[in-house]
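A quick write-up on the structure given underneath.
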Amino acid sequence: MAHVLVSGGTGFIGSRVCTALHEQGDTVHVLSRNPTRAQTTLKSAGAVYGWNPETEKLPLETTSGVKAVVHLAGETIAGRWNTEKKRRIRDSRILSTRNLVESLAEASKKPAVLVCASAIGYYGNSGDDHFTEVSPAGTDFLSKVCEEWETEAQKAEAFGIRVVMVRIGLVLGLGGGLLAQVLPPFKMGVGGILGSGRQWMSWIHIDDVVGIVIHALENEEIRGPLNATAPVPVRNVEFTKTLGTVLRRPTLLPVPMFGLRLMMGEFADFVVLSQNVLPEKTEVSGYEFRYRTLEPALRDLL
Ligand SMILES: NC(=O)c1ccc[n+]([C@@H]2O[C@H](COP(=O)([O-])OP(=O)(O)OC[C@H]3O[C@@H](n4cnc5c(N)ncnc54)[C@H](OP(=O)(O)O)[C@@H]3O)[C@@H](O)[C@H]2O)c1
């Protein structure tokens, strides 16, 4: 039984992480920009503290007795990317992680472990090749954000905190992530492959993201990057066909790139990025996936 402090605990992933920790008997404290709202929505949180992650250090009382920290806060990357949106995507991760780690450095008794979210966006475009945890960072906007984000988290190692950066793939779950974007057109019968359809999609079931976060918290030999992607990624065309089969809806003509750019701006380039990311270190470290292949994962959710 441990005392865990979670940022982003009100979010799509964080709320499930809090529930899972609570169910296994841990004490869960949550950091939120809106503690009143968080307190009413999160039944699994023992205490909720107000924290504006971009502009301030953690309130002093939040780190007392904490054994582990999970940092998941960040502006969603979904939506149209303009200059202000890109600033929020970057600052909500990099400044928040800096403020968090500096606060942990000042704590009289430090937690043993920090598990910080990152994303497979770290790697950039894999084309037809694949990436593992040892692959280098890409060069696009999201790659740079992820690299800086991880650099800030890693600084906690200097004062004896074990740091794990969980590079999360396209999360499949209800109420957020990828399905929140792709289900509405499918349900209207107008779902189709995106761009060429050849791009790799490294998806993961939400239960496995939660499982990997807890695995990282509990296994003292794990540090550094850990990929949270299912062992069997698929190309977009296969993803689309499988989703159509599970929903018993047709998959129509491709949505061309110019149409996507019109709808999403620069975010469209991310949506069709080919990312074949394998969870090599995650599996070697002993994590056993509940959902290795796509169809059972989708059938479970839908
Ligand atoms: N979902 C995915 O498919 C996916 C894939 C790869 C990586 N990730 C990463 O995993 C983490 C959690 O993802 P998620 O899908 O659970 O995120 P989410 O639901 O969009 O947001 C998580 C929490 O972050 C806080 N937040 C939102 N905007 C913020 C801002 N501008 N500044 C500071 N805090 C803000 C919110 O908490 P409060 O309102 O309570 O403060 C929110 O509940 C994120 O860092 C994300 O980049 C997610």
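Identifiers in the structure tokens: chain A, B, ... in order shown; residue index from 1 per chain; ligand index from 1 in order shown.
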To check your reading of the model: which residues sit at most 9 Å from ligand 1 when counting only C-alpha atoms and all ligand atoms? Write the answer as a tab-separated table (two decimals) with N, CA, C and O atoms, in the first residue's frame.
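New file part_20.tsv:
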chain	number	residue	atom	x	y	z
A	7	SER	N	-0.89	13.88	-11.05
A	7	SER	CA	-1.35	15.07	-11.78
A	7	SER	C	-2.10	14.59	-13.01
A	7	SER	O	-1.80	13.51	-13.54
A	8	GLY	N	-3.08	15.37	-13.48
A	8	GLY	CA	-3.89	14.91	-14.62
A	8	GLY	C	-4.81	13.77	-14.22
A	8	GLY	O	-5.31	13.04	-15.08
A	9	GLY	N	-5.07	13.63	-12.93
A	9	GLY	CA	-5.90	12.52	-12.43
A	9	GLY	C	-7.37	12.66	-12.82
A	9	GLY	O	-8.14	11.70	-12.69
A	10	THR	N	-7.75	13.83	-13.32
A	10	THR	CA	-9.13	13.99	-13.77
A	10	THR	C	-9.28	13.58	-15.23
A	10	THR	O	-10.39	13.58	-15.76
A	11	GLY	N	-8.18	13.26	-15.90
A	11	GLY	CA	-8.22	13.05	-17.35
A	11	GLY	C	-8.65	11.66	-17.77
A	11	GLY	O	-8.99	10.80	-16.95
A	12	PHE	N	-8.63	11.46	-19.08
A	12	PHE	CA	-9.04	10.20	-19.73
A	12	PHE	C	-8.23	9.03	-19.16
A	12	PHE	O	-8.79	8.02	-18.72
A	13	ILE	N	-6.92	9.16	-19.12
A	13	ILE	CA	-6.06	8.09	-18.59
A	13	ILE	C	-5.99	8.19	-17.06
A	13	ILE	O	-6.14	7.20	-16.34
A	14	GLY	N	-5.79	9.43	-16.56
A	14	GLY	CA	-5.55	9.63	-15.13
A	14	GLY	C	-6.69	9.14	-14.25
A	14	GLY	O	-6.45	8.56	-13.19
A	15	SER	N	-7.94	9.34	-14.68
A	15	SER	CA	-9.06	8.92	-13.83
A	15	SER	C	-9.05	7.40	-13.66
A	15	SER	O	-9.35	6.88	-12.58
A	16	ARG	N	-8.67	6.67	-14.75
A	16	ARG	CA	-8.60	5.20	-14.64
A	16	ARG	C	-7.40	4.76	-13.81
A	16	ARG	O	-7.47	3.76	-13.10
A	30	VAL	N	-4.64	13.86	-5.66
A	30	VAL	CA	-4.68	14.37	-7.04
A	30	VAL	C	-4.36	15.86	-7.08
A	30	VAL	O	-4.77	16.62	-6.19
A	31	LEU	N	-3.63	16.25	-8.12
A	31	LEU	CA	-3.34	17.67	-8.37
A	31	LEU	C	-4.21	18.11	-9.54
A	31	LEU	O	-4.23	17.43	-10.57
A	32	SER	N	-4.91	19.24	-9.39
A	32	SER	CA	-5.78	19.69	-10.48
A	32	SER	C	-5.81	21.20	-10.52
A	32	SER	O	-5.71	21.87	-9.48
A	33	ARG	N	-6.02	21.74	-11.73
A	33	ARG	CA	-6.19	23.20	-11.85
A	33	ARG	C	-7.52	23.63	-11.27
A	33	ARG	O	-7.71	24.78	-10.94
A	34	ASN	N	-8.45	22.68	-11.20
A	34	ASN	CA	-9.79	23.00	-10.70
A	34	ASN	C	-10.17	21.97	-9.62
A	34	ASN	O	-10.91	21.01	-9.88
A	35	PRO	N	-9.64	22.16	-8.40
A	35	PRO	CA	-9.83	21.14	-7.37
A	35	PRO	C	-11.28	20.91	-6.97
A	35	PRO	O	-11.66	19.78	-6.63
A	37	ARG	N	-14.00	21.00	-8.89
A	37	ARG	CA	-14.61	20.10	-9.88
A	37	ARG	C	-14.02	18.69	-9.74
A	37	ARG	O	-14.73	17.69	-9.78
A	38	ALA	N	-12.69	18.64	-9.55
A	38	ALA	CA	-12.02	17.32	-9.45
A	38	ALA	C	-12.55	16.53	-8.26
A	38	ALA	O	-12.78	15.33	-8.35
A	50	GLY	N	-5.18	22.08	-5.37
A	50	GLY	CA	-5.13	23.00	-6.49
A	50	GLY	C	-3.68	23.23	-6.91
A	50	GLY	O	-2.81	23.40	-6.07
A	51	TRP	N	-3.42	23.17	-8.20
A	51	TRP	CA	-2.07	23.43	-8.71
A	51	TRP	C	-2.18	23.96	-10.13
A	51	TRP	O	-2.84	23.33	-10.96
A	52	ASN	N	-1.58	25.10	-10.39
A	52	ASN	CA	-1.50	25.59	-11.76
A	52	ASN	C	-0.13	25.19	-12.31
A	52	ASN	O	0.87	25.82	-12.01
A	53	PRO	N	-0.08	24.11	-13.06
A	53	PRO	CA	1.21	23.47	-13.35
A	53	PRO	C	2.18	24.30	-14.17
A	53	PRO	O	3.38	24.11	-14.07
A	54	GLU	N	1.64	25.23	-14.98
A	54	GLU	CA	2.57	26.00	-15.83
A	54	GLU	C	3.27	27.10	-15.05
A	54	GLU	O	4.33	27.57	-15.44
A	71	HIS	N	2.76	11.72	-13.31
A	71	HIS	CA	2.52	13.03	-13.92
A	71	HIS	C	1.89	12.86	-15.30
A	71	HIS	O	2.56	12.45	-16.25
A	72	LEU	N	0.60	13.19	-15.39
A	72	LEU	CA	-0.14	12.97	-16.64
A	72	LEU	C	-0.76	14.26	-17.20
A	72	LEU	O	-1.40	14.23	-18.25
A	73	ALA	N	-0.59	15.37	-16.50
A	73	ALA	CA	-1.27	16.61	-16.93
A	73	ALA	C	-0.71	17.10	-18.26
A	73	ALA	O	0.48	16.98	-18.54
A	74	GLY	N	-1.56	17.65	-19.08
A	74	GLY	CA	-1.12	18.24	-20.34
A	74	GLY	C	-2.29	18.61	-21.22
A	74	GLY	O	-3.30	17.90	-21.25
A	75	GLU	N	-2.14	19.72	-21.94
A	75	GLU	CA	-3.16	20.15	-22.91
A	75	GLU	C	-3.36	19.06	-23.97
A	75	GLU	O	-2.39	18.53	-24.50
A	76	THR	N	-4.61	18.75	-24.29
A	76	THR	CA	-4.85	17.73	-25.32
A	76	THR	C	-4.25	18.16	-26.66
A	76	THR	O	-4.27	19.35	-27.00
A	77	ILE	N	-3.72	17.18	-27.41
A	77	ILE	CA	-3.15	17.54	-28.72
A	77	ILE	C	-4.23	17.56	-29.81
A	77	ILE	O	-3.99	18.01	-30.91
A	78	ALA	N	-5.43	17.03	-29.47
A	78	ALA	CA	-6.51	17.04	-30.47
A	78	ALA	C	-6.98	18.46	-30.73
A	78	ALA	O	-6.95	19.31	-29.83
A	85	LYS	N	-2.29	27.23	-29.51
A	85	LYS	CA	-2.52	25.81	-29.15
A	85	LYS	C	-1.16	25.10	-29.00
A	85	LYS	O	-0.96	24.33	-28.05
A	88	ARG	N	0.43	25.98	-25.79
A	88	ARG	CA	-0.18	25.28	-24.64
A	88	ARG	C	0.25	23.80	-24.60
A	88	ARG	O	0.50	23.26	-23.53
A	89	ILE	N	0.30	23.17	-25.78
A	89	ILE	CA	0.74	21.76	-25.83
A	89	ILE	C	2.14	21.65	-25.23
A	89	ILE	O	2.42	20.77	-24.41
A	91	ASP	N	4.01	24.10	-23.31
A	91	ASP	CA	4.23	24.62	-21.95
A	91	ASP	C	3.53	23.77	-20.88
A	91	ASP	O	4.05	23.62	-19.78
A	92	SER	N	2.35	23.23	-21.22
A	92	SER	CA	1.63	22.45	-20.20
A	92	SER	C	2.39	21.18	-19.85
A	92	SER	O	2.16	20.58	-18.82
A	93	ARG	N	3.30	20.76	-20.72
A	93	ARG	CA	4.12	19.56	-20.42
A	93	ARG	C	5.48	19.93	-19.86
A	93	ARG	O	5.89	19.42	-18.81
A	96	SER	N	5.24	22.34	-16.66
A	96	SER	CA	4.65	21.60	-15.53
A	96	SER	C	5.64	20.58	-14.98
A	96	SER	O	5.76	20.42	-13.76
A	116	CYS	N	6.31	9.53	-15.51
A	116	CYS	CA	5.86	10.70	-16.28
A	116	CYS	C	5.35	10.25	-17.64
A	116	CYS	O	5.99	9.43	-18.30
A	117	ALA	N	4.20	10.77	-18.03
A	117	ALA	CA	3.70	10.45	-19.38
A	117	ALA	C	4.64	11.03	-20.41
A	117	ALA	O	5.26	12.08	-20.20
A	118	SER	N	4.78	10.32	-21.52
A	118	SER	CA	5.36	10.87	-22.74
A	118	SER	C	4.51	10.27	-23.85
A	118	SER	O	3.42	9.73	-23.56
A	119	ALA	N	4.95	10.38	-25.08
A	119	ALA	CA	4.11	9.88	-26.18
A	119	ALA	C	5.00	9.30	-27.27
A	119	ALA	O	6.18	9.67	-27.38
A	120	ILE	N	4.41	8.41	-28.08
A	120	ILE	CA	5.20	7.84	-29.18
A	120	ILE	C	5.51	8.89	-30.23
A	120	ILE	O	6.35	8.67	-31.10
A	121	GLY	N	4.86	10.06	-30.11
A	121	GLY	CA	5.22	11.21	-30.93
A	121	GLY	C	6.71	11.51	-30.81
A	121	GLY	O	7.30	12.15	-31.68
A	146	CYS	N	8.22	16.14	-26.86
A	146	CYS	CA	8.41	14.92	-26.03
A	146	CYS	C	9.84	14.83	-25.51
A	146	CYS	O	10.07	14.46	-24.35
A	166	VAL	N	6.69	6.98	-19.74
A	166	VAL	CA	5.85	6.02	-20.47
A	166	VAL	C	5.43	6.66	-21.79
A	166	VAL	O	4.65	7.61	-21.81
A	167	ARG	N	6.00	6.14	-22.88
A	167	ARG	CA	5.71	6.68	-24.21
A	167	ARG	C	4.43	6.03	-24.73
A	167	ARG	O	4.43	4.91	-25.25
A	168	ILE	N	3.33	6.79	-24.56
A	168	ILE	CA	1.99	6.23	-24.79
A	168	ILE	C	1.62	6.33	-26.27
A	168	ILE	O	1.86	7.35	-26.92
A	169	GLY	N	1.01	5.26	-26.78
A	169	GLY	CA	0.54	5.23	-28.17
A	169	GLY	C	-0.88	5.76	-28.30
A	169	GLY	O	-1.35	6.53	-27.46
A	170	LEU	N	-1.57	5.33	-29.36
A	170	LEU	CA	-2.95	5.78	-29.60
A	170	LEU	C	-3.87	4.99	-28.68
A	170	LEU	O	-4.09	3.79	-28.90
A	171	VAL	N	-4.40	5.66	-27.67
A	171	VAL	CA	-5.12	4.94	-26.62
A	171	VAL	C	-6.56	4.66	-27.06
A	171	VAL	O	-7.29	5.57	-27.48
A	172	LEU	N	-6.96	3.39	-26.96
A	172	LEU	CA	-8.35	3.00	-27.26
A	172	LEU	C	-9.12	2.83	-25.96
A	172	LEU	O	-8.79	1.97	-25.14
A	173	GLY	N	-10.10	3.69	-25.76
A	173	GLY	CA	-10.94	3.62	-24.57
A	173	GLY	C	-12.17	4.45	-24.86
A	173	GLY	O	-12.19	5.22	-25.83
A	176	GLY	N	-12.72	9.29	-24.66
A	176	GLY	CA	-11.54	10.11	-24.93
A	176	GLY	C	-10.65	9.41	-25.94
A	176	GLY	O	-11.03	8.40	-26.54
A	177	GLY	N	-9.44	9.97	-26.13
A	177	GLY	CA	-8.46	9.36	-27.01
A	177	GLY	C	-8.92	9.22	-28.45
A	177	GLY	O	-9.80	9.94	-28.93
A	178	LEU	N	-8.36	8.23	-29.13
A	178	LEU	CA	-8.60	8.06	-30.57
A	178	LEU	C	-10.06	7.77	-30.91
A	178	LEU	O	-10.60	8.31	-31.87
A	203	TRP	N	-1.54	1.39	-31.57
A	203	TRP	CA	-2.66	1.56	-30.65
A	203	TRP	C	-2.37	0.85	-29.33
A	203	TRP	O	-1.45	0.03	-29.24
A	204	ILE	N	-3.15	1.14	-28.31
A	204	ILE	CA	-3.08	0.38	-27.04
A	204	ILE	C	-4.43	0.49	-26.34
A	204	ILE	O	-5.08	1.56	-26.38
A	206	ILE	N	-6.85	0.99	-23.24
A	206	ILE	CA	-6.71	1.81	-22.03
A	206	ILE	C	-6.32	0.97	-20.80
A	206	ILE	O	-5.51	1.41	-19.97
A	228	ALA	N	4.30	2.28	-24.29
A	228	ALA	CA	2.95	1.78	-24.00
A	228	ALA	C	2.20	1.70	-25.32
A	228	ALA	O	1.43	2.60	-25.69
Practice task
Identify, on the basis of only C-alpha atoms, every residue whose closest approach to Leu114 (chain A) does not exceed 8 Å; exclude the query and any residue fewer than 6 positions from it along the same chain; express the result as JSON, numbers by chain.
Solution key: {"A": [68, 69, 70, 71, 153, 156, 161, 162, 163, 164, 217]}
Problem - Residues near Gly65 (chain A), cut-off 8 Å, only C-alpha atoms, skip fewer than 6 positions along chain, as a ChimeraX atom specification - result: /A:3,109,111
Residues just named, written with C-alpha atoms as a PDB file, in the first residue's frame:
ATOM      1  CA  HIS A   3       0.720   6.982  -1.095  1.00  0.00           C
ATOM      2  CA  LYS A 109      11.573  13.291   2.061  1.00  0.00           C
ATOM      3  CA  PRO A 111       9.316   9.900  -3.367  1.00  0.00           C
TER       4      PRO A 111
END
Tell me which protein, DNA and RNA residues are within 12 Å of region 197-199 of chain A, counting only C-alpha atoms, leaving out same-chain ones fewer than 3 positions away, and put them as an mmCIF file with N, CA and C atoms, in the first residue's frame.
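Below is the file result.cif, written as the result:
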data_model
loop_
_atom_site.group_PDB
_atom_site.id
_atom_site.type_symbol
_atom_site.label_atom_id
_atom_site.label_comp_id
_atom_site.auth_asym_id
_atom_site.auth_seq_id
_atom_site.Cartn_x
_atom_site.Cartn_y
_atom_site.Cartn_z
ATOM 1 N N ASN A 125 8.268 9.971 -37.608
ATOM 2 C CA ASN A 125 7.733 9.072 -38.630
ATOM 3 C C ASN A 125 8.606 7.820 -38.785
ATOM 4 N N SER A 126 8.002 6.626 -38.665
ATOM 5 C CA SER A 126 8.794 5.394 -38.818
ATOM 6 C C SER A 126 8.764 4.885 -40.255
ATOM 7 N N GLY A 127 7.863 5.444 -41.108
ATOM 8 C CA GLY A 127 7.713 4.883 -42.451
ATOM 9 C C GLY A 127 7.378 3.408 -42.319
ATOM 10 N N ASP A 128 8.089 2.549 -43.063
ATOM 11 C CA ASP A 128 7.841 1.100 -42.977
ATOM 12 C C ASP A 128 8.769 0.409 -41.998
ATOM 13 N N ASP A 129 9.651 1.166 -41.363
ATOM 14 C CA ASP A 129 10.556 0.618 -40.351
ATOM 15 C C ASP A 129 9.805 0.545 -39.008
ATOM 16 N N HIS A 130 10.479 0.195 -37.922
ATOM 17 C CA HIS A 130 9.808 0.239 -36.623
ATOM 18 C C HIS A 130 10.730 0.869 -35.581
ATOM 19 N N GLY A 192 -13.905 6.220 -42.982
ATOM 20 C CA GLY A 192 -13.077 5.773 -44.104
ATOM 21 C C GLY A 192 -11.620 5.799 -43.721
ATOM 22 N N ILE A 193 -10.769 5.194 -44.552
ATOM 23 C CA ILE A 193 -9.338 5.242 -44.252
ATOM 24 C C ILE A 193 -8.837 6.671 -44.402
ATOM 25 N N LEU A 194 -7.766 6.982 -43.687
ATOM 26 C CA LEU A 194 -7.245 8.349 -43.674
ATOM 27 C C LEU A 194 -5.983 8.417 -44.525
ATOM 28 N N SER A 202 0.106 2.632 -33.894
ATOM 29 C CA SER A 202 0.502 1.899 -32.685
ATOM 30 C C SER A 202 -0.509 2.208 -31.594
ATOM 31 N N PRO A 233 0.982 -3.707 -33.828
ATOM 32 C CA PRO A 233 0.384 -2.527 -34.457
ATOM 33 C C PRO A 233 -0.224 -2.888 -35.812
ATOM 34 N N VAL A 234 -1.047 -1.998 -36.332
ATOM 35 C CA VAL A 234 -1.695 -2.275 -37.632
ATOM 36 C C VAL A 234 -1.563 -1.048 -38.535
ATOM 37 N N ARG A 235 -1.722 -1.281 -39.840
ATOM 38 C CA ARG A 235 -1.797 -0.129 -40.751
ATOM 39 C C ARG A 235 -3.193 0.478 -40.645
ATOM 40 N N ASN A 236 -3.320 1.748 -41.042
ATOM 41 C CA ASN A 236 -4.606 2.444 -40.930
ATOM 42 C C ASN A 236 -5.719 1.702 -41.678
ATOM 43 N N VAL A 237 -5.397 1.112 -42.822
ATOM 44 C CA VAL A 237 -6.427 0.421 -43.599
ATOM 45 C C VAL A 237 -6.978 -0.770 -42.809
ATOM 46 N N GLU A 238 -6.087 -1.470 -42.077
ATOM 47 C CA GLU A 238 -6.540 -2.622 -41.283
ATOM 48 C C GLU A 238 -7.333 -2.142 -40.066
ATOM 49 N N PHE A 239 -6.859 -1.049 -39.459
ATOM 50 C CA PHE A 239 -7.581 -0.479 -38.321
ATOM 51 C C PHE A 239 -9.010 -0.130 -38.744
ATOM 52 N N THR A 240 -9.113 0.539 -39.899
ATOM 53 C CA THR A 240 -10.411 1.014 -40.386
ATOM 54 C C THR A 240 -11.345 -0.167 -40.685
ATOM 55 N N LYS A 241 -10.782 -1.194 -41.346
ATOM 56 C CA LYS A 241 -11.618 -2.365 -41.686
ATOM 57 C C LYS A 241 -12.066 -3.093 -40.416
ATOM 58 N N THR A 251 -16.959 0.814 -44.517
ATOM 59 C CA THR A 251 -15.816 1.738 -44.565
ATOM 60 C C THR A 251 -15.780 2.301 -45.974
ATOM 61 N N LEU A 253 -14.888 5.485 -48.964
ATOM 62 C CA LEU A 253 -13.693 5.934 -49.688
ATOM 63 C C LEU A 253 -12.731 6.640 -48.738
ATOM 64 N N PRO A 254 -11.440 6.669 -49.088
ATOM 65 C CA PRO A 254 -10.474 7.356 -48.228
ATOM 66 C C PRO A 254 -10.811 8.827 -48.039
ATOM 67 N N VAL A 255 -10.484 9.363 -46.845
ATOM 68 C CA VAL A 255 -10.560 10.816 -46.628
ATOM 69 C C VAL A 255 -9.210 11.363 -47.092
ATOM 70 N N PRO A 256 -9.165 12.144 -48.181
ATOM 71 C CA PRO A 256 -7.858 12.559 -48.707
ATOM 72 C C PRO A 256 -7.160 13.567 -47.796
ATOM 73 N N MET A 257 -5.840 13.666 -47.977
ATOM 74 C CA MET A 257 -5.024 14.546 -47.121
ATOM 75 C C MET A 257 -5.515 15.987 -47.137
ATOM 76 N N ASP A 269 -1.282 16.270 -40.215
ATOM 77 C CA ASP A 269 -0.025 15.578 -40.523
ATOM 78 C C ASP A 269 0.315 14.573 -39.430
ATOM 79 N N PHE A 270 -0.049 14.910 -38.193
ATOM 80 C CA PHE A 270 0.173 13.977 -37.087
ATOM 81 C C PHE A 270 -0.773 12.784 -37.197
ATOM 82 N N VAL A 271 -2.013 13.054 -37.604
ATOM 83 C CA VAL A 271 -3.026 11.989 -37.685
ATOM 84 C C VAL A 271 -2.608 10.892 -38.676
ATOM 85 N N VAL A 272 -1.906 11.276 -39.746
ATOM 86 C CA VAL A 272 -1.516 10.260 -40.740
ATOM 87 C C VAL A 272 -0.053 9.842 -40.612
ATOM 88 N N LEU A 273 0.603 10.264 -39.528
ATOM 89 C CA LEU A 273 1.998 9.881 -39.300
ATOM 90 C C LEU A 273 2.095 8.360 -39.165
ATOM 91 N N SER A 274 3.074 7.773 -39.843
ATOM 92 C CA SER A 274 3.247 6.319 -39.739
ATOM 93 C C SER A 274 4.127 6.024 -38.536
ATOM 94 N N GLN A 275 3.577 5.295 -37.559
ATOM 95 C CA GLN A 275 4.341 5.011 -36.339
ATOM 96 C C GLN A 275 4.195 3.544 -35.966
ATOM 97 N N ASN A 276 5.222 2.788 -36.288
ATOM 98 C CA ASN A 276 5.256 1.377 -35.911
ATOM 99 C C ASN A 276 6.180 1.282 -34.698
ATOM 100 N N VAL A 277 5.582 1.270 -33.516
ATOM 101 C CA VAL A 277 6.360 1.345 -32.264
ATOM 102 C C VAL A 277 6.133 0.063 -31.467
#
Exercise for the section: Pick out the closest residue to Glu106 (chain A) from this set: A:Thr139, A:Ser64, A:Phe131, A:Gly124. Count only C-alpha atoms. Expected result: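 Using only C-alpha atoms, Glu106 (chain A) sits closest to A:Ser64.
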Exercise for the section: Based on DSSP run over this structure's backbone, return all residues of region 6-247 of chain A in alpha helix (DSSP H), as a PyMOL selection string. Expected result: chain A and resi 12-23+35-41+83-106+141-154+177-187+206-218+236-247
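Nearest to Lys155 (chain A) of all the residues A:Leu243, A:Val101, A:Val284, A:Met264 is A:Val101, based on only C-alpha atoms.
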Problem - Expected answer as a PyMOL selection string: strand (DSSP E) residues in region 207-236 of chain A - result: chain A and resi 224-228+234-235
Practice task
Work out how far apart CA of Arg248 (chain A) and CA of Thr229 (chain A) are and give it in Å to one decimal.
Solution key: 25.7 Å
Handout entry: Nearest to Ala230 (chain A) by atom-to-atom distance, counting only C-alpha atoms, from A:Pro279, A:Gly25, A:Gly175, A:Gly46
Key = A:Pro279
Practice task
Give the answer as one residue: which of A:Val66, A:Ile94, A:Leu174, A:Ile212 has the shortest atom-to-atom distance to Ser108 (chain A), using only C-alpha atoms?
Solution key: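 The closest residue to Ser108 (chain A) is A:Val66.
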Handout entry: Nearest to Val4 (chain A) by atom-to-atom distance, counting only C-alpha atoms, from A:Asp26, A:Glu266, A:Glu157, A:Glu84
Key = A:Asp26
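Comparing the minimum interatomic distances between Thr242 (chain A) and each of A:Val209, A:Ala158, A:Leu183, A:Leu294, counting only C-alpha atoms, we find that A:Leu294 sits nearest.
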Write out as JSON lines the residues of region 171-230 of chain A that have any atom within 8 Å of an atom of region 132-137 of chain A, one row each with the nearest atom pair and its distance in Å to one decimal, counting only C-alpha atoms, sorted by chain and then rising number.
{"residue": "A:Pro225", "atom": "CA", "partner": "A:Glu133", "partner_atom": "CA", "distance": 6.1}
{"residue": "A:Leu226", "atom": "CA", "partner": "A:Glu133", "partner_atom": "CA", "distance": 6.3}
{"residue": "A:Asn227", "atom": "CA", "partner": "A:Glu133", "partner_atom": "CA", "distance": 6.4}
